[in-house]
Amino acid sequence: MRSLLSGKATCNSHGQDSSYFLGWQEYEKNPYDQTRNPQGIIQMGLAENQLSFDLLESWLSKNPDVAGFKRNGESIFRELALFQDYHGLPEFKKALVQFMEEIRGNKVSFDPDKIVLTAGATSANETLIFCLAEAGDAILIPTPYYPGFDRDLKWRTGAEIVPIHCTSSNGFKITACALQQAYQEARNRNLKVKGVLVTNPSNPLGTTMTRPELDLLMDFIVEKQIHLVSDEIYSGTVFSSPNYTSIMEVLSKYEKAEVLDRVHVVYSLSKDLGLPGFRVGAIYSNNDTIVAAATKMSSFGLVSSQTQYFLSALLSDKKFTKKYISENKKRLKNRHASLVSGLHNAGISCLESNAGLFCWVDMRHLLSSTTFEAEMELWKKIVYDVKLNISPGLSCHCSEPGWFRVCFANMTEETLKVAIRRIKAFVESTSRGPDKAISGQRCANVSSRKKPFSKWVFRLPFQDREAGER
């Protein structure tokens with residue numbers, strides 16, 4: 001039977017055999033529930049934003065016509081059901097770019113005619129790689145990076161990822177030396193470098209890129225005559241200083257069309273609005289050829305007209321979006337502070353961050369040795385004994401063992417408290433000896449009887465969410 005299938009179907013280059021995805025699988029076998037399974041695994045490996053669902057629900061309750069697919073009291077169900085134009089509803093594209101401008105402080109502007117709608121950022125990133133690279137070409141990405149890129153950018157395109165190694169010595173910032181070393185490594189492997197891809201704000205670091213870093217990247221792509229992709233799906237999650245700078249703001253000072261045509265932005269509503277299930281992503285580019293090609297490719301992953309209609313109304317409500325953006329950032333800031341404070345009390349520090357739905361956590365002092373083998377040993381203890389699913393740095397291609405990504409916005413405050421009690425008990429148990437680790441951990445698994453977080457939150461099985469966070 002295997003010989004009757006394609007090489008793509010039977011290969012193991014899909015990138016989903018990393019500890020990042022394996023942790024999800026363990027969670028699905030034994031998911032934590034405050035009342036039904038208080039001893040289960042708490043999911044802290046999924047970057048979802050569930051903190052502001054009540055604001056969305058409140059808006060929906062005040063706009064029943066939208067939920068009923070009505071305009072001026074008249075049903076438009078037939079109109080939406082028959083709409084198949086993969087360019088997208090004009091009113092949605094206009095509302096989307098205005099929202100993108102708003103979360104960037106209206107410092108930049110976007111042209112609706114230069115945006116391509118996709119079924120999430122996963123599709124957007126893969127489509128861009130199809131447009132930019134041939135199989136065997138290289139894309140440079142700074143480490144640590146989102147583990148899903150090993151699947152999203154490589155599996156079907158055949159492109160290669162060459163890491164730009166960043167270190168904790170400067171807070172994992174990109175340097176000119178690291179860029180040149182990555183470029184030379186690709187050349188040494190006889191790979192043609194087609195571009196650099198960055199996430200800003202960073203996943204998994206939770207930090208925003210500085211203006212000097214962005215200028216450095218622009219100088220680099222100008223020198224090497226390559227492309228730059230800026231994945232900005234966390235741009236609306238920046239909750240404290242320094243302020244966020246989009247690559248579009250930097251690009252505004254460049255006048256040469258050749259440079260303008262080689263910088264592209266990826267966006268999604270998965271993080272800023274907490275709507276990963278709606279599958280709304282976008283590519284923004286000044287390159288007419290890429291926009292045309294990506295639009296054709298988008299026919300394989302369209303955003304439904306019903307989704308576009310609903311979100312057109314939501315995003316066009318400027319009073320709502322202003323309130324939502326402000327309140328969402330406030331809640332993320334408070335939740336971030338809760339996690340950082342809780343970990344600090346447990347003797348664990350985090351990289352200083354100002355954005356995202358996660359923290360980059362330093363557990364190097366808990367390793368038995370300074371190796372990735374020791375990191376995996378620690379990760380297994382945290383998953384199986386402490387019963388917290390977090391993402392090890394190795395899955396993010398971090399060059400230093402002992403760092404972990406820990407998510408904080410996909411759970412209730414009470415669940416986060418349980419998680420912190422568990423990790424604190426684990427850290428304390430390591431000084432008492434391994435025999436007391438499990439018993440100490442059981443004492444920390446205290447559940448709450450509070451009502452469920454939101455009727456919008458459904459725990460989908462792993463196979464339905466394995467597309468990742470985007």
# chains A, B, ... in the order shown; residues from 1 in each chain; ligands from 1
call {"tool": "residues_around", "arguments": {"residues": "Leu366 of chain A", "least_positions_apart": "2", "cutoff": "10 Å", "atoms": "only C-alpha atoms", "output": "PyMOL selection string"}}
result
chain A and resi 348+362-364+368-370+374-375+378+402+427+430
call {"tool": "residues_around", "arguments": {"residues": "His397 of chain A", "least_positions_apart": "3", "cutoff": "7 Å", "atoms": "only C-alpha atoms", "output": "PyMOL selection string"}}
result
chain A and resi 143-145+393-394
call {"tool": "residues_around", "arguments": {"residues": "segment 405-409 of chain A", "least_positions_apart": "6", "cutoff": "7 Å", "atoms": "only C-alpha atoms", "output": "compact mmCIF listing (two decimals) with N, CA and C atoms, in the first residue's frame"}}
result
# COMPACT_ATOMS: atom_id res chain seq x y z
N MET A 44 -0.08 24.72 28.65
CA MET A 44 0.65 25.99 28.62
C MET A 44 1.57 26.06 27.41
N GLY A 45 1.25 25.22 26.41
CA GLY A 45 2.05 25.20 25.20
C GLY A 45 1.30 25.74 24.00
N LEU A 46 0.13 26.33 24.21
CA LEU A 46 -0.71 26.82 23.13
C LEU A 46 -0.90 28.32 23.26
N ALA A 47 -0.44 29.08 22.26
CA ALA A 47 -0.51 30.54 22.29
C ALA A 47 -1.86 31.02 21.77
N GLU A 48 -2.88 30.86 22.59
CA GLU A 48 -4.21 31.37 22.26
C GLU A 48 -4.57 32.48 23.23
N ASN A 49 -5.34 33.45 22.71
CA ASN A 49 -5.76 34.58 23.53
C ASN A 49 -7.24 34.44 23.84
N GLN A 50 -7.54 34.03 25.06
CA GLN A 50 -8.93 33.84 25.49
C GLN A 50 -9.34 34.87 26.54
N LEU A 51 -8.56 35.92 26.71
CA LEU A 51 -8.79 36.85 27.81
C LEU A 51 -9.91 37.85 27.56
N PRO A 204 9.05 32.78 20.11
CA PRO A 204 8.53 32.64 21.46
C PRO A 204 9.01 33.67 22.50
N ARG A 335 -2.06 39.63 33.16
CA ARG A 335 -1.84 38.19 33.17
C ARG A 335 -0.34 37.86 33.07
N HIS A 336 0.35 38.61 32.23
CA HIS A 336 1.81 38.45 32.11
C HIS A 336 2.48 38.67 33.46
N LEU A 339 2.04 35.68 35.81
CA LEU A 339 2.93 34.56 35.53
C LEU A 339 4.35 34.87 35.96
N LEU A 357 1.69 36.22 23.99
CA LEU A 357 0.80 35.47 24.87
C LEU A 357 1.59 34.46 25.68
N PHE A 358 2.88 34.72 25.88
CA PHE A 358 3.79 33.74 26.50
C PHE A 358 4.99 34.45 27.07
N CYS A 359 5.75 33.71 27.87
CA CYS A 359 7.03 34.19 28.40
C CYS A 359 8.12 33.21 28.01
N TRP A 360 9.33 33.73 27.82
CA TRP A 360 10.50 32.91 27.54
C TRP A 360 11.20 32.70 28.87
N VAL A 361 11.08 31.47 29.39
CA VAL A 361 11.39 31.19 30.79
C VAL A 361 12.76 30.50 30.91
N ILE A 390 4.55 22.61 28.47
CA ILE A 390 5.26 23.80 28.03
C ILE A 390 6.15 23.39 26.86
N SER A 391 6.70 24.38 26.16
CA SER A 391 7.49 24.08 24.96
C SER A 391 8.98 24.24 25.25
N PRO A 392 9.77 23.19 25.09
CA PRO A 392 11.21 23.29 25.33
C PRO A 392 11.90 24.12 24.26
N GLY A 393 12.98 24.78 24.65
CA GLY A 393 13.71 25.62 23.72
C GLY A 393 14.23 24.87 22.52
call {"tool": "residues_around", "arguments": {"residues": "segment 101-104 of chain A", "least_positions_apart": "5", "cutoff": "10 Å", "atoms": "only C-alpha atoms", "output": "list in words"}}
result
Ala95, Leu96, Ser109, Phe110, Ser235, Gly236, Thr237, Val238, Asn243, Tyr244, Thr245, Ser246, Met248, Glu249, Asp272, Lys318, Thr321, Lys322, Ile325 and Ser326 of chain A
call {"tool": "residues_around", "arguments": {"residues": "Lys380 of chain A", "least_positions_apart": "6", "cutoff": "12 Å", "atoms": "only C-alpha atoms", "output": "number ranges by chain"}}
result
A: 19-20, 22-23, 26, 373-374, 386-392
call {"tool": "write_last_selection", "arguments": {"atoms": "N, CA and C atoms", "output": "mmCIF file, in the first residue's frame"}}
result
data_model
loop_
_atom_site.group_PDB
_atom_site.id
_atom_site.type_symbol
_atom_site.label_atom_id
_atom_site.label_comp_id
_atom_site.auth_asym_id
_atom_site.auth_seq_id
_atom_site.Cartn_x
_atom_site.Cartn_y
_atom_site.Cartn_z
ATOM 1 N N SER A 19 9.034 17.908 19.986
ATOM 2 C CA SER A 19 8.456 17.900 21.329
ATOM 3 C C SER A 19 7.332 18.916 21.459
ATOM 4 N N TYR A 20 7.344 19.949 20.633
ATOM 5 C CA TYR A 20 6.281 20.954 20.650
ATOM 6 C C TYR A 20 4.925 20.304 20.387
ATOM 7 N N LEU A 22 4.423 16.918 20.322
ATOM 8 C CA LEU A 22 4.259 15.755 21.190
ATOM 9 C C LEU A 22 3.656 16.150 22.533
ATOM 10 N N GLY A 23 4.015 17.327 23.008
ATOM 11 C CA GLY A 23 3.437 17.818 24.260
ATOM 12 C C GLY A 23 1.938 18.012 24.152
ATOM 13 N N GLU A 26 0.245 14.624 24.491
ATOM 14 C CA GLU A 26 0.154 14.177 25.889
ATOM 15 C C GLU A 26 -0.963 14.908 26.616
ATOM 16 N N GLU A 373 20.026 17.132 26.043
ATOM 17 C CA GLU A 373 19.523 15.894 26.638
ATOM 18 C C GLU A 373 18.945 16.172 28.018
ATOM 19 N N ALA A 374 19.650 16.994 28.783
ATOM 20 C CA ALA A 374 19.163 17.367 30.110
ATOM 21 C C ALA A 374 17.899 18.212 30.010
ATOM 22 N N VAL A 386 4.880 17.032 36.764
ATOM 23 C CA VAL A 386 4.269 18.307 37.160
ATOM 24 C C VAL A 386 2.937 18.499 36.442
ATOM 25 N N LYS A 387 2.812 17.838 35.294
ATOM 26 C CA LYS A 387 1.597 17.902 34.477
ATOM 27 C C LYS A 387 1.311 19.318 33.968
ATOM 28 N N LEU A 388 2.346 19.894 33.359
ATOM 29 C CA LEU A 388 2.227 21.154 32.639
ATOM 30 C C LEU A 388 2.827 20.944 31.255
ATOM 31 N N ASN A 389 2.085 21.253 30.225
ATOM 32 C CA ASN A 389 2.652 21.173 28.884
ATOM 33 C C ASN A 389 3.240 22.522 28.508
ATOM 34 N N ILE A 390 4.554 22.607 28.472
ATOM 35 C CA ILE A 390 5.256 23.796 28.031
ATOM 36 C C ILE A 390 6.152 23.394 26.860
ATOM 37 N N SER A 391 6.696 24.375 26.158
ATOM 38 C CA SER A 391 7.491 24.079 24.960
ATOM 39 C C SER A 391 8.976 24.241 25.253
ATOM 40 N N PRO A 392 9.771 23.188 25.085
ATOM 41 C CA PRO A 392 11.209 23.285 25.331
ATOM 42 C C PRO A 392 11.903 24.119 24.261
#
call {"tool": "select_by_dssp", "arguments": {"residues": "segment 194-288 of chain A", "states": "strand (DSSP E)", "output": "list in words"}}
result
Lys194, Gly195, Val196, Leu197, Val198, Thr199, His227, Leu228, Val229, Ser230, Asp231, Val263, His264, Val265, Val266, Tyr267, Ser268, Gly281, Ala282, Ile283, Tyr284 and Ser285 of chain A
call {"tool": "residues_around", "arguments": {"residues": "Phe310 of chain A", "least_positions_apart": "2", "cutoff": "8 Å", "atoms": "only C-alpha atoms", "output": "list of chain:residue names"}}
result
A:Val66, A:Ala67, A:Phe69, A:Gln306, A:Thr307, A:Gln308, A:Ser312, A:Ala313, A:Leu314
call {"tool": "closest_residue", "arguments": {"among": "A:Leu140, A:Leu332, A:Ala425, A:Cys398", "to": "Met411 of chain A", "atoms": "only C-alpha atoms"}}
result
A:Leu332
call {"tool": "select_by_dssp", "arguments": {"residues": "segment 206-270 of chain A", "states": "alpha helix (DSSP H)", "output": "number ranges by chain"}}
result
A: 211-224, 247-251, 257-260
call {"tool": "atom_distance", "arguments": {"atom1": "atom CA of Ile382 of chain A", "atom2": "atom CA of Ser353 of chain A"}}
result
23.0 Å
call {"tool": "closest_atom_pairs", "arguments": {"of": "segment 89-176 of chain A", "to": "segment 222-227 of chain A", "cutoff": "12 Å", "atoms": "only C-alpha atoms", "output": "JSON lines"}}
result
{"residue": "A:Leu128", "atom": "CA", "partner": "A:His227", "partner_atom": "CA", "distance": 10.5}
{"residue": "A:Ile129", "atom": "CA", "partner": "A:His227", "partner_atom": "CA", "distance": 10.4}
{"residue": "A:Cys131", "atom": "CA", "partner": "A:His227", "partner_atom": "CA", "distance": 11.0}
{"residue": "A:Leu132", "atom": "CA", "partner": "A:His227", "partner_atom": "CA", "distance": 7.9}
{"residue": "A:Ala133", "atom": "CA", "partner": "A:His227", "partner_atom": "CA", "distance": 10.0}
{"residue": "A:Asp137", "atom": "CA", "partner": "A:Ile226", "partner_atom": "CA", "distance": 11.7}
{"residue": "A:Ala138", "atom": "CA", "partner": "A:Ile226", "partner_atom": "CA", "distance": 10.7}
{"residue": "A:Ile139", "atom": "CA", "partner": "A:His227", "partner_atom": "CA", "distance": 9.2}
{"residue": "A:Leu140", "atom": "CA", "partner": "A:His227", "partner_atom": "CA", "distance": 10.2}
call {"tool": "decode", "arguments": {"residues": "segment 278-291 of chain A", "atoms": "all heavy atoms", "output": "compact mmCIF listing (two decimals), in the first residue's frame"}}
result
# COMPACT_ATOMS: atom_id res chain seq x y z
N PHE A 278 -11.51 31.06 13.28
CA PHE A 278 -12.13 31.74 12.14
C PHE A 278 -11.26 31.63 10.89
O PHE A 278 -11.73 31.90 9.79
CB PHE A 278 -12.38 33.21 12.47
CG PHE A 278 -13.64 33.46 13.25
CD1 PHE A 278 -13.94 32.71 14.39
CD2 PHE A 278 -14.53 34.44 12.87
CE1 PHE A 278 -15.10 32.94 15.12
CE2 PHE A 278 -15.69 34.68 13.59
CZ PHE A 278 -15.98 33.93 14.72
N ARG A 279 -9.99 31.28 11.07
CA ARG A 279 -9.06 31.08 9.95
C ARG A 279 -9.00 32.29 9.05
O ARG A 279 -9.32 32.24 7.85
CB ARG A 279 -9.42 29.83 9.13
CG ARG A 279 -9.58 28.53 9.93
CD ARG A 279 -8.42 28.26 10.86
NE ARG A 279 -7.12 28.28 10.20
CZ ARG A 279 -5.99 28.62 10.82
NH1 ARG A 279 -6.00 29.02 12.07
NH2 ARG A 279 -4.86 28.58 10.16
N VAL A 280 -8.57 33.42 9.59
CA VAL A 280 -8.43 34.65 8.82
C VAL A 280 -6.98 35.12 8.89
O VAL A 280 -6.50 35.54 9.93
CB VAL A 280 -9.36 35.77 9.35
CG1 VAL A 280 -9.16 37.05 8.54
CG2 VAL A 280 -10.81 35.32 9.28
N GLY A 281 -6.30 35.02 7.76
CA GLY A 281 -4.94 35.51 7.66
C GLY A 281 -4.81 36.42 6.45
O GLY A 281 -5.75 36.57 5.65
N ALA A 282 -3.64 37.03 6.29
CA ALA A 282 -3.46 37.96 5.18
C ALA A 282 -1.99 38.12 4.84
O ALA A 282 -1.11 38.03 5.71
CB ALA A 282 -4.07 39.32 5.52
N ILE A 283 -1.73 38.36 3.57
CA ILE A 283 -0.42 38.76 3.07
C ILE A 283 -0.55 40.20 2.58
O ILE A 283 -1.50 40.53 1.86
CB ILE A 283 0.04 37.87 1.89
CG1 ILE A 283 0.19 36.42 2.34
CG2 ILE A 283 1.34 38.39 1.28
CD1 ILE A 283 0.36 35.45 1.17
N TYR A 284 0.40 41.04 2.96
CA TYR A 284 0.43 42.40 2.42
C TYR A 284 1.75 42.61 1.72
O TYR A 284 2.82 42.37 2.28
CB TYR A 284 0.26 43.45 3.52
CG TYR A 284 0.11 44.84 2.94
CD1 TYR A 284 -1.14 45.30 2.53
CD2 TYR A 284 1.22 45.67 2.75
CE1 TYR A 284 -1.29 46.55 1.96
CE2 TYR A 284 1.07 46.92 2.18
CZ TYR A 284 -0.18 47.36 1.78
OH TYR A 284 -0.33 48.60 1.20
N SER A 285 1.69 43.06 0.47
CA SER A 285 2.91 43.24 -0.32
C SER A 285 2.73 44.35 -1.34
O SER A 285 1.63 44.53 -1.90
CB SER A 285 3.28 41.93 -1.03
OG SER A 285 4.42 42.11 -1.85
N ASN A 286 3.81 45.09 -1.59
CA ASN A 286 3.83 46.09 -2.65
C ASN A 286 4.21 45.49 -3.99
O ASN A 286 4.24 46.20 -5.00
CB ASN A 286 4.82 47.21 -2.30
CG ASN A 286 4.33 48.09 -1.16
OD1 ASN A 286 3.25 48.67 -1.23
ND2 ASN A 286 5.12 48.18 -0.10
N ASN A 287 4.51 44.20 -3.98
CA ASN A 287 4.93 43.50 -5.19
C ASN A 287 3.71 42.97 -5.93
O ASN A 287 3.06 42.03 -5.48
CB ASN A 287 5.88 42.35 -4.82
CG ASN A 287 6.55 41.73 -6.01
OD1 ASN A 287 5.91 41.40 -6.98
ND2 ASN A 287 7.86 41.54 -5.91
N ASP A 288 3.40 43.60 -7.07
CA ASP A 288 2.19 43.23 -7.81
C ASP A 288 2.20 41.78 -8.26
O ASP A 288 1.16 41.12 -8.29
CB ASP A 288 2.03 44.14 -9.03
CG ASP A 288 1.73 45.58 -8.65
OD1 ASP A 288 1.24 45.80 -7.52
OD2 ASP A 288 1.98 46.48 -9.48
N THR A 289 3.39 41.27 -8.62
CA THR A 289 3.48 39.88 -9.07
C THR A 289 3.15 38.92 -7.95
O THR A 289 2.45 37.93 -8.14
CB THR A 289 4.89 39.59 -9.62
OG1 THR A 289 5.19 40.50 -10.68
CG2 THR A 289 4.98 38.16 -10.14
N ILE A 290 3.66 39.21 -6.75
CA ILE A 290 3.37 38.36 -5.60
C ILE A 290 1.90 38.43 -5.22
O ILE A 290 1.27 37.41 -4.92
CB ILE A 290 4.27 38.74 -4.40
CG1 ILE A 290 5.68 38.21 -4.63
CG2 ILE A 290 3.70 38.20 -3.09
CD1 ILE A 290 6.63 38.45 -3.50
N VAL A 291 1.33 39.62 -5.25
CA VAL A 291 -0.10 39.76 -4.93
C VAL A 291 -0.94 38.95 -5.91
O VAL A 291 -1.87 38.23 -5.52
CB VAL A 291 -0.52 41.24 -4.94
CG1 VAL A 291 -2.04 41.38 -4.85
CG2 VAL A 291 0.15 41.99 -3.79
